[in-house]
$ cat coords_25.cif   # mmCIF, C-alpha atoms
data_protein
#
loop_
_atom_site.label_atom_id
_atom_site.label_comp_id
_atom_site.auth_asym_id
_atom_site.auth_seq_id
_atom_site.Cartn_x
_atom_site.Cartn_y
_atom_site.Cartn_z
CA MET A 22 171.09 45.23 -35.91
CA ASN A 23 168.54 43.42 -37.92
CA THR A 24 165.19 42.91 -36.29
CA VAL A 25 162.89 40.03 -37.14
CA GLU A 26 159.29 41.01 -37.40
CA THR A 27 156.83 38.41 -36.17
CA ALA A 28 153.41 37.97 -37.74
CA PRO A 29 150.49 38.76 -35.52
CA ALA A 30 148.88 35.70 -33.95
CA LYS A 31 145.67 34.50 -35.60
CA THR A 32 142.55 34.24 -33.53
CA TYR A 33 140.14 31.35 -34.04
CA THR A 34 136.43 31.41 -33.27
CA ALA A 35 135.28 28.45 -31.21
CA LEU A 36 132.58 26.46 -33.02
CA PRO A 37 129.95 24.56 -31.03
CA LEU A 38 130.37 20.80 -31.22
CA VAL A 39 126.69 20.13 -30.59
CA ALA A 40 123.93 21.50 -32.80
CA PRO A 41 120.97 23.23 -31.17
CA GLN A 42 118.29 20.77 -30.15
CA LEU A 43 114.81 20.93 -28.72
CA PRO A 44 114.39 19.67 -25.17
CA LYS A 45 113.30 16.08 -24.72
CA PHE A 46 109.88 17.18 -23.52
CA ALA A 47 109.26 19.29 -26.63
CA PRO A 48 107.04 16.66 -28.35
CA MET A 49 104.92 16.43 -25.20
CA ILE A 50 104.52 20.20 -25.04
CA ALA A 51 103.56 20.32 -28.73
CA LEU A 52 101.07 17.49 -28.15
CA LEU A 53 99.49 19.30 -25.18
CA ILE A 54 99.17 22.50 -27.21
CA SER A 55 97.62 20.57 -30.13
CA VAL A 56 95.16 18.75 -27.86
CA SER A 57 94.13 21.97 -26.14
CA VAL A 58 93.58 23.89 -29.35
CA ALA A 59 91.81 20.97 -31.03
CA GLY A 60 89.59 20.46 -27.99
CA LEU A 61 88.63 24.14 -27.91
CA ILE A 62 87.81 24.17 -31.64
CA THR A 63 85.83 20.94 -31.29
CA LEU A 64 83.75 22.31 -28.42
CA LEU A 65 83.01 25.54 -30.26
CA ALA A 66 82.13 23.76 -33.52
CA GLY A 67 80.24 20.90 -31.88
CA TRP A 68 82.29 18.17 -33.57
CA GLY A 69 82.84 14.63 -32.35
CA ILE A 70 85.83 12.83 -30.86
CA TYR A 71 87.08 11.55 -34.21
CA ALA A 72 87.22 15.08 -35.62
CA ALA A 73 89.08 16.18 -32.49
CA ALA A 74 91.65 13.38 -32.90
CA PHE A 75 92.17 14.22 -36.58
CA LEU A 76 92.56 17.94 -35.81
CA THR A 77 95.06 17.12 -33.03
CA VAL A 78 97.25 15.16 -35.44
CA VAL A 79 97.12 17.96 -38.03
CA LEU A 80 98.07 20.62 -35.47
CA LEU A 81 100.86 18.45 -34.07
CA ALA A 82 102.22 17.94 -37.61
CA VAL A 83 102.35 21.73 -37.97
CA VAL A 84 103.47 22.88 -34.51
CA LEU A 85 106.34 20.50 -33.77
CA PRO A 86 108.04 20.61 -37.23
CA ALA A 87 107.74 24.42 -37.29
CA TRP A 88 109.30 24.67 -33.83
CA SER A 89 112.02 22.21 -34.85
CA ARG A 90 112.76 24.12 -38.06
CA GLY A 91 113.37 27.33 -36.12
CA VAL A 92 115.74 25.68 -33.63
CA GLU A 93 117.20 22.52 -35.20
CA GLY A 94 117.03 23.23 -38.92
CA ALA A 95 115.15 21.92 -41.92
CA ARG A 96 116.60 18.40 -41.87
CA ARG A 97 115.58 17.65 -38.30
CA SER A 98 112.19 19.25 -38.92
CA LYS A 99 111.49 16.86 -41.80
CA ASP A 100 112.53 13.93 -39.61
CA ARG A 101 110.06 14.95 -36.89
CA LEU A 102 107.28 15.36 -39.48
CA ALA A 103 107.96 11.88 -40.86
CA THR A 104 107.90 10.47 -37.31
CA ILE A 105 104.52 12.06 -36.64
CA LEU A 106 103.08 10.66 -39.88
CA ILE A 107 104.39 7.15 -39.13
CA TRP A 108 102.97 7.07 -35.60
CA SER A 109 99.67 8.52 -36.86
CA THR A 110 99.24 5.78 -39.48
CA PHE A 111 100.15 3.19 -36.86
CA GLY A 112 97.42 4.57 -34.60
CA ILE A 113 94.89 4.52 -37.45
CA ALA A 114 95.74 0.87 -38.13
CA LEU A 115 95.17 0.03 -34.45
CA ILE A 116 91.70 1.58 -34.33
CA PRO A 117 89.77 -1.28 -36.01
CA LEU A 118 91.79 -3.91 -34.14
CA VAL A 119 91.25 -2.33 -30.73
CA THR A 120 87.57 -1.69 -31.50
CA LEU A 121 87.04 -5.29 -32.57
CA ILE A 122 88.74 -6.73 -29.50
CA TRP A 123 86.85 -4.35 -27.22
CA GLN A 124 83.48 -5.28 -28.71
CA VAL A 125 84.18 -9.02 -28.50
CA VAL A 126 85.44 -8.82 -24.91
CA LYS A 127 82.60 -6.54 -23.78
CA ASN A 128 79.86 -8.70 -25.29
CA GLY A 129 81.47 -12.10 -24.87
CA ALA A 130 82.93 -11.96 -21.36
CA PRO A 131 79.51 -12.17 -19.60
CA ALA A 132 78.84 -15.49 -21.35
CA LEU A 133 82.00 -17.19 -20.12
CA SER A 134 81.52 -19.70 -17.34
CA ALA A 135 82.38 -23.29 -16.47
CA GLU A 136 79.03 -24.42 -17.83
CA PHE A 137 79.53 -22.50 -21.07
CA LEU A 138 82.86 -24.28 -21.73
CA THR A 139 81.86 -27.78 -20.61
CA TYR A 140 78.26 -28.20 -21.83
CA SER A 141 76.89 -28.69 -25.33
CA MET A 142 73.65 -27.39 -26.82
CA ARG A 143 71.92 -30.76 -26.87
CA ASN A 144 68.27 -30.41 -25.75
CA VAL A 145 68.86 -26.77 -24.75
CA VAL A 146 66.30 -24.12 -25.66
CA GLY A 147 66.70 -20.52 -24.54
CA GLU A 148 69.02 -19.95 -21.59
CA GLY A 149 71.89 -22.30 -20.75
CA GLY A 150 74.02 -24.61 -22.80
CA GLY A 151 77.57 -24.13 -23.98
CA ILE A 152 80.12 -24.56 -26.74
CA TYR A 153 81.91 -27.73 -25.67
CA HIS A 154 80.76 -29.59 -28.80
CA ALA A 155 81.96 -26.71 -31.02
CA ILE A 156 85.36 -26.55 -29.32
CA VAL A 157 85.86 -30.28 -29.75
CA GLY A 158 84.81 -30.11 -33.39
CA THR A 159 87.11 -27.16 -34.16
CA LEU A 160 90.11 -28.88 -32.58
CA ILE A 161 89.48 -32.19 -34.39
CA ILE A 162 88.79 -30.63 -37.80
CA THR A 163 91.79 -28.29 -37.56
CA ALA A 164 94.05 -31.11 -36.34
CA TRP A 165 93.16 -33.30 -39.31
CA ALA A 166 93.63 -30.36 -41.68
CA THR A 167 97.09 -29.80 -40.20
CA VAL A 168 97.98 -33.48 -40.58
CA ILE A 169 97.01 -33.32 -44.26
CA SER A 170 98.50 -29.96 -45.22
CA VAL A 171 101.79 -29.78 -43.31
CA PRO A 172 103.55 -32.80 -44.91
CA VAL A 173 102.32 -31.81 -48.38
CA GLY A 174 103.27 -28.16 -47.94
CA VAL A 175 106.69 -28.78 -46.39
CA MET A 176 107.68 -31.43 -48.94
CA THR A 177 106.54 -29.18 -51.80
CA ALA A 178 108.61 -26.29 -50.46
CA ILE A 179 111.66 -28.54 -50.06
CA TYR A 180 111.33 -29.64 -53.68
CA LEU A 181 111.00 -26.07 -54.94
CA VAL A 182 114.02 -24.79 -53.00
CA GLU A 183 116.38 -27.75 -52.98
CA TYR A 184 115.55 -29.74 -56.11
CA GLY A 185 113.47 -27.57 -58.43
CA ASN A 186 116.28 -25.36 -59.76
CA ASN A 187 113.70 -23.25 -61.62
CA ARG A 188 112.88 -26.13 -63.97
CA LEU A 189 109.52 -26.43 -65.71
CA PRO A 190 107.84 -28.63 -63.04
CA ALA A 191 108.96 -26.21 -60.32
CA ARG A 192 107.59 -23.23 -62.25
CA ILE A 193 104.27 -25.01 -62.77
CA ILE A 194 104.01 -25.86 -59.06
CA THR A 195 104.83 -22.27 -58.11
CA PHE A 196 102.11 -21.00 -60.43
CA LEU A 197 99.56 -23.43 -59.00
CA VAL A 198 100.47 -22.43 -55.44
CA ASP A 199 99.94 -18.77 -56.36
CA VAL A 200 96.54 -19.65 -57.82
CA MET A 201 95.56 -21.65 -54.73
CA THR A 202 96.46 -18.71 -52.49
CA GLY A 203 93.63 -16.69 -54.01
CA ILE A 204 90.96 -19.41 -53.96
CA PRO A 205 87.82 -18.28 -52.07
CA SER A 206 87.09 -20.42 -49.04
CA ILE A 207 83.63 -21.39 -50.27
CA VAL A 208 85.22 -22.88 -53.42
CA ALA A 209 87.36 -25.11 -51.21
CA GLY A 210 84.20 -26.21 -49.41
CA LEU A 211 82.45 -27.00 -52.70
CA PHE A 212 85.51 -28.96 -53.85
CA ALA A 213 85.53 -31.06 -50.68
CA TYR A 214 81.78 -31.64 -50.90
CA SER A 215 82.01 -32.71 -54.56
CA LEU A 216 84.87 -35.05 -53.74
CA PHE A 217 83.02 -36.76 -50.89
CA VAL A 218 79.79 -36.99 -52.88
CA LEU A 219 81.66 -39.23 -55.33
CA PHE A 220 82.41 -41.72 -52.53
CA PHE A 221 79.47 -41.39 -50.12
CA GLY A 222 76.63 -39.99 -52.21
CA PRO A 223 74.66 -36.72 -52.05
CA GLY A 224 73.97 -35.10 -48.69
CA VAL A 225 77.17 -36.30 -47.08
CA ARG A 226 78.27 -34.38 -43.98
CA MET A 227 81.33 -35.22 -41.90
CA GLY A 228 84.11 -33.47 -40.03
CA PHE A 229 86.88 -34.95 -42.15
CA GLY A 230 85.37 -33.31 -45.21
CA GLY A 231 85.79 -29.97 -43.45
CA SER A 232 89.41 -30.91 -42.75
CA VAL A 233 90.01 -31.54 -46.45
CA ALA A 234 88.47 -28.17 -47.32
CA LEU A 235 90.63 -26.38 -44.75
CA ALA A 236 93.71 -28.28 -45.94
CA VAL A 237 93.18 -26.87 -49.44
CA LEU A 238 93.38 -23.39 -47.91
CA MET A 239 96.33 -24.23 -45.66
CA ILE A 240 98.64 -25.86 -48.19
CA PRO A 241 99.64 -22.71 -50.16
CA ILE A 242 100.31 -20.81 -46.93
CA VAL A 243 102.51 -23.61 -45.59
CA VAL A 244 104.34 -23.85 -48.91
CA ARG A 245 105.07 -20.13 -49.07
CA ALA A 246 106.14 -19.85 -45.43
CA THR A 247 108.38 -22.92 -45.60
CA GLU A 248 109.88 -21.85 -48.92
CA GLU A 249 110.89 -18.45 -47.55
CA MET A 250 112.38 -19.98 -44.42
CA LEU A 251 114.43 -22.48 -46.43
CA LYS A 252 115.75 -19.70 -48.64
CA LEU A 253 117.03 -17.89 -45.53
CA VAL A 254 119.29 -20.81 -44.59
CA PRO A 255 122.86 -19.77 -45.56
CA HIS A 256 124.14 -21.65 -48.60
CA GLU A 257 127.48 -22.07 -46.81
CA LEU A 258 125.87 -24.61 -44.47
CA ARG A 259 124.88 -26.77 -47.43
CA GLU A 260 128.33 -26.47 -48.98
CA ALA A 261 130.01 -27.43 -45.71
CA SER A 262 127.81 -30.52 -45.45
CA TYR A 263 128.51 -31.50 -49.06
CA ALA A 264 132.25 -31.03 -48.47
CA LEU A 265 132.07 -33.63 -45.70
CA GLY A 266 130.56 -36.13 -48.12
CA VAL A 267 127.01 -35.95 -46.74
CA PRO A 268 124.39 -36.79 -49.40
CA LYS A 269 121.85 -34.15 -50.35
CA TRP A 270 118.82 -35.80 -48.76
CA ARG A 271 120.62 -36.07 -45.45
CA THR A 272 121.84 -32.47 -45.72
CA VAL A 273 118.25 -31.34 -46.18
CA THR A 274 116.89 -33.40 -43.26
CA LYS A 275 119.77 -32.83 -40.81
CA VAL A 276 121.02 -29.33 -41.68
CA VAL A 277 118.57 -27.28 -43.73
CA VAL A 278 115.23 -28.20 -42.16
CA PRO A 279 116.42 -28.03 -38.51
CA THR A 280 117.94 -24.61 -39.17
CA ALA A 281 114.64 -23.30 -40.57
CA LEU A 282 112.40 -25.25 -38.18
CA GLY A 283 111.47 -22.26 -36.03
CA GLY A 284 110.21 -20.28 -38.99
CA ILE A 285 108.43 -23.31 -40.45
CA ILE A 286 106.53 -23.86 -37.21
CA THR A 287 105.56 -20.19 -37.15
CA GLY A 288 104.29 -20.43 -40.73
CA VAL A 289 102.26 -23.54 -39.92
CA THR A 290 100.69 -21.78 -36.94
CA LEU A 291 99.79 -18.80 -39.11
CA ALA A 292 98.13 -21.20 -41.54
CA ILE A 293 96.15 -22.77 -38.69
CA ALA A 294 95.09 -19.33 -37.49
CA ARG A 295 94.10 -18.47 -41.06
CA VAL A 296 91.66 -21.39 -41.37
CA ALA A 297 90.48 -21.69 -37.77
CA GLY A 298 87.83 -19.04 -38.33
CA GLU A 299 86.61 -20.19 -41.75
CA THR A 300 82.86 -20.64 -41.87
CA ALA A 301 81.77 -21.21 -45.49
CA PRO A 302 83.61 -24.53 -46.12
CA LEU A 303 82.39 -26.02 -42.84
CA LEU A 304 78.82 -24.92 -43.50
CA ILE A 305 78.86 -26.90 -46.75
CA ILE A 306 80.62 -30.13 -45.79
CA ALA A 307 80.86 -30.40 -41.97
CA GLY A 308 77.33 -29.24 -41.21
CA LYS A 309 75.80 -28.29 -37.87
CA THR A 310 74.92 -30.30 -34.82
CA ASP A 311 74.15 -29.62 -31.16
CA SER A 312 75.81 -32.80 -29.89
CA VAL A 313 79.42 -33.75 -29.24
CA ASN A 314 81.01 -35.83 -31.99
CA PHE A 315 84.53 -37.18 -31.56
CA ASP A 316 84.57 -39.16 -34.83
CA ALA A 317 85.57 -36.98 -37.78
CA PHE A 318 84.62 -39.76 -40.22
CA SER A 319 81.02 -40.13 -39.13
CA GLU A 320 78.03 -37.77 -39.09
CA ARG A 321 77.98 -34.01 -38.74
CA MET A 322 80.50 -32.16 -36.58
CA ALA A 323 80.09 -28.75 -34.95
CA SER A 324 82.71 -26.01 -35.09
CA LEU A 325 83.09 -22.62 -33.48
CA PRO A 326 82.69 -20.52 -36.67
CA VAL A 327 79.51 -22.37 -37.69
CA PHE A 328 78.19 -22.18 -34.12
CA ILE A 329 78.77 -18.42 -34.05
CA TYR A 330 77.02 -17.99 -37.40
CA TYR A 331 73.89 -19.92 -36.46
CA SER A 332 73.74 -18.52 -32.92
CA TYR A 333 73.71 -14.96 -34.23
CA MET A 334 71.57 -15.47 -37.37
CA GLN A 335 69.12 -17.90 -35.75
CA PRO A 336 69.33 -17.07 -32.03
CA GLY A 337 65.95 -18.56 -31.13
CA VAL A 338 63.35 -17.16 -28.75
CA PRO A 339 64.22 -15.05 -26.84
CA PRO A 340 67.18 -13.99 -29.03
CA GLU A 341 69.32 -12.52 -26.24
CA PHE A 342 70.67 -15.85 -25.05
CA GLY A 343 71.68 -17.05 -28.52
CA GLN A 344 73.43 -13.78 -29.36
CA GLU A 345 75.27 -13.84 -26.04
CA ARG A 346 76.50 -17.36 -26.79
CA ALA A 347 77.68 -16.17 -30.22
CA TRP A 348 79.78 -13.39 -28.67
CA GLY A 349 81.17 -15.78 -26.06
CA ALA A 350 82.14 -18.32 -28.73
CA ALA A 351 83.82 -15.54 -30.74
CA LEU A 352 85.87 -14.58 -27.69
CA VAL A 353 86.89 -18.20 -27.14
CA LEU A 354 87.91 -18.53 -30.79
CA ILE A 355 90.09 -15.40 -30.61
CA ALA A 356 91.67 -16.66 -27.38
CA LEU A 357 92.36 -20.03 -29.03
CA VAL A 358 94.10 -18.40 -32.00
CA LEU A 359 96.12 -16.17 -29.65
CA PHE A 360 97.19 -19.20 -27.63
CA LEU A 361 98.33 -20.99 -30.79
CA ASN A 362 100.42 -17.99 -31.81
CA LEU A 363 102.09 -17.79 -28.40
CA LEU A 364 102.71 -21.53 -28.46
CA ALA A 365 104.29 -21.25 -31.90
CA ARG A 366 106.65 -18.54 -30.70
CA ALA A 367 107.71 -20.66 -27.74
CA VAL A 368 108.18 -23.80 -29.84
CA GLY A 369 110.01 -21.87 -32.57
CA ARG A 370 112.38 -20.37 -30.02
CA PHE A 371 112.96 -23.80 -28.49
CA PHE A 372 113.84 -25.40 -31.85
CA ALA A 373 115.84 -22.45 -33.15
CA PRO A 374 119.54 -23.17 -33.78
CA LYS A 375 121.62 -22.63 -30.68
CA THR A 376 124.42 -20.14 -31.31
CA LYS A 377 127.29 -19.17 -29.03
CA ARG A 378 128.95 -15.82 -29.19
#
$ encode --input "coords_25.cif" --output "structure tokens"
Amino acid sequence: MNTVETAPAKTYTALPLVAPQLPKFAPMIALLISVSVAGLITLLAGWGIYAAAFLTVVLLAVVLPAWSRGVEGARRSKDRLATILIWSTFGIALIPLVTLIWQVVKNGAPALSAEFLTYSMRNVVGEGGGIYHAIVGTLIITAWATVISVPVGVMTAIYLVEYGNNRLPARIITFLVDVMTGIPSIVAGLFAYSLFVLFFGPGVRMGFGGSVALAVLMIPIVVRATEEMLKLVPHELREASYALGVPKWRTVTKVVVPTALGGIITGVTLAIARVAGETAPLLIIAGKTDSVNFDAFSERMASLPVFIYYSYMQPGVPPEFGQERAWGAALVLIALVLFLNLLARAVGRFFAPKTKR
């Protein structure tokens, strides 16, 4: 009888499907260890809080990756080190911003009141008065600058994207826009002053001149922002419109611009925020006054940046009241710029193309 020999069965070793990982609270434990050690070293060495923060980051960048390398491997350890470096640089970037906001709020909040926002500085010496005239002047000057710069900037961007086709005029305009982007603000003020001197004579001061100076600074920002937004519009939308027999000008006005409108509005708001705090051009052409002026084409017109400058550099006697008004005006200016940014986000979201999934 023949017997059939069977091969012995092979045994397989079960492999884990999940790689070893540190617990979720491992970064917190490493941070606590780093803070404790850094605090102890700082106390013994007599260092300050900034040295303690720097030493904490260094220890965390050593402790957590080393722990991760022993448990999770080299690849995960490098990932954790990169994460620590990214968050550390983000924190460093926040330090000046947070410090600035804290200083402005701490010094400017005591000045805020109904009187401060509704009274001007006319016939006020020492305590009292407000920034109503500066708020009105800033809004009027910025509004006129927006009226001048937005049509010019948007139309220029439309030409560059839709009609320029990298021809010589388009290249020249692009070069000039790049040059205008780097123009110092005081040069824009001198340009506006020289222009108005030709028509009104030496010593001219008016709010509209400040608007022209700010418009020179706004135009390149509006052009660049609008140009980038128009380039993001899918080319298929243009081709679909052309296939239906729609002329190019109507395609631009009814398809391209509405699609990019949200981004264009955001870019315009960024341009407004960019020039709202400019001081040098307004010092030269708009001047300084303590009274309310609603006519941008007549006489001097106050603005918040110029008011802040004079209130802090020439606070009067005693100086405490003038410096307090300067900090309060700075806080109002920051709040105004923040409001414009929030408004731009809301308007941009409202005008954004409606899509259905």
$ resolve_selection --input "coords_25.cif" --expression "the PyMOL selection byres ((chain A and resi 247) around 12)" --output "number ranges by chain"
A: 171-183, 240-246, 248-254, 277-292
$ resolve_selection --input "coords_25.cif" --expression "the PyMOL selection byres ((chain A and resi 320-326) around 10)" --output "count of residues only"
51
$ resolve_selection --input "coords_25.cif" --expression "the PyMOL selection byres ((chain A and resi 56-61) around 8)" --output "number ranges by chain"
A: 52-55, 62-65, 73-74, 76-77, 80
$ write_last_selection --input "coords_25.cif" --atoms "C-alpha atoms" --output "compact mmCIF listing (two decimals), in the coordinates of the input"
# COMPACT_ATOMS: atom_id res chain seq x y z
CA LEU A 52 101.07 17.49 -28.15
CA LEU A 53 99.49 19.30 -25.18
CA ILE A 54 99.17 22.50 -27.21
CA SER A 55 97.62 20.57 -30.13
CA ILE A 62 87.81 24.17 -31.64
CA THR A 63 85.83 20.94 -31.29
CA LEU A 64 83.75 22.31 -28.42
CA LEU A 65 83.01 25.54 -30.26
CA ALA A 73 89.08 16.18 -32.49
CA ALA A 74 91.65 13.38 -32.90
CA LEU A 76 92.56 17.94 -35.81
CA THR A 77 95.06 17.12 -33.03
CA LEU A 80 98.07 20.62 -35.47
$ closest_residue --input "coords_25.cif" --among "A:Phe220, A:Phe75, A:Ala294, A:Ala236" --to "Asn362 (chain A)" --atoms "all atoms listed in the file"
A:Ala294
$ closest_residue --input "coords_25.cif" --among "A:Pro190, A:Val338, A:Gly349, A:Leu357" --to "Glu148 (chain A)" --atoms "only C-alpha atoms"
A:Val338
$ residues_around --input "coords_25.cif" --residues "region 124-129 of chain A" --least-positions-apart "2" --cutoff "6 Å" --atoms "all atoms listed in the file" --output "ChimeraX atom specification"
/A:121-122,131-132,348-349,352
$ closest_residue --input "coords_25.cif" --among "A:Ile50, A:Val168, A:Ala87, A:Leu219" --to "Val233 (chain A)" --atoms "only C-alpha atoms"
A:Val168
$ closest_residue --input "coords_25.cif" --among "A:Ala166, A:Gly266, A:Ala365, A:Pro302" --to "Phe212 (chain A)" --atoms "only C-alpha atoms"
A:Pro302
$ build_atoms --input "coords_25.cif" --residues "region 282-295 of chain A" --atoms "N, CA and C atoms" --output "tab-separated table (two decimals), keeping the file's coordinate frame"
chain	number	residue	atom	x	y	z
A	282	LEU	N	113.55	-24.65	-38.83
A	282	LEU	CA	112.40	-25.25	-38.18
A	282	LEU	C	111.57	-24.22	-37.43
A	283	GLY	N	112.22	-23.26	-36.77
A	283	GLY	CA	111.47	-22.26	-36.03
A	283	GLY	C	110.55	-21.46	-36.92
A	284	GLY	N	111.05	-21.02	-38.06
A	284	GLY	CA	110.21	-20.28	-38.99
A	284	GLY	C	109.14	-21.14	-39.62
A	285	ILE	N	109.44	-22.42	-39.88
A	285	ILE	CA	108.43	-23.31	-40.45
A	285	ILE	C	107.27	-23.50	-39.48
A	286	ILE	N	107.58	-23.69	-38.20
A	286	ILE	CA	106.53	-23.86	-37.21
A	286	ILE	C	105.68	-22.60	-37.11
A	287	THR	N	106.31	-21.45	-37.17
A	287	THR	CA	105.56	-20.19	-37.15
A	287	THR	C	104.63	-20.09	-38.35
A	288	GLY	N	105.13	-20.46	-39.54
A	288	GLY	CA	104.29	-20.43	-40.73
A	288	GLY	C	103.12	-21.39	-40.64
A	289	VAL	N	103.35	-22.59	-40.09
A	289	VAL	CA	102.26	-23.54	-39.92
A	289	VAL	C	101.20	-22.99	-38.96
A	290	THR	N	101.65	-22.35	-37.89
A	290	THR	CA	100.69	-21.78	-36.94
A	290	THR	C	99.89	-20.66	-37.58
A	291	LEU	N	100.53	-19.85	-38.39
A	291	LEU	CA	99.79	-18.80	-39.11
A	291	LEU	C	98.76	-19.42	-40.04
A	292	ALA	N	99.10	-20.53	-40.67
A	292	ALA	CA	98.13	-21.20	-41.54
A	292	ALA	C	96.96	-21.74	-40.73
A	293	ILE	N	97.23	-22.28	-39.55
A	293	ILE	CA	96.15	-22.77	-38.69
A	293	ILE	C	95.26	-21.61	-38.26
A	294	ALA	N	95.88	-20.50	-37.88
A	294	ALA	CA	95.09	-19.33	-37.49
A	294	ALA	C	94.28	-18.80	-38.66
A	295	ARG	N	94.81	-18.95	-39.86
A	295	ARG	CA	94.10	-18.47	-41.06
A	295	ARG	C	92.81	-19.25	-41.29
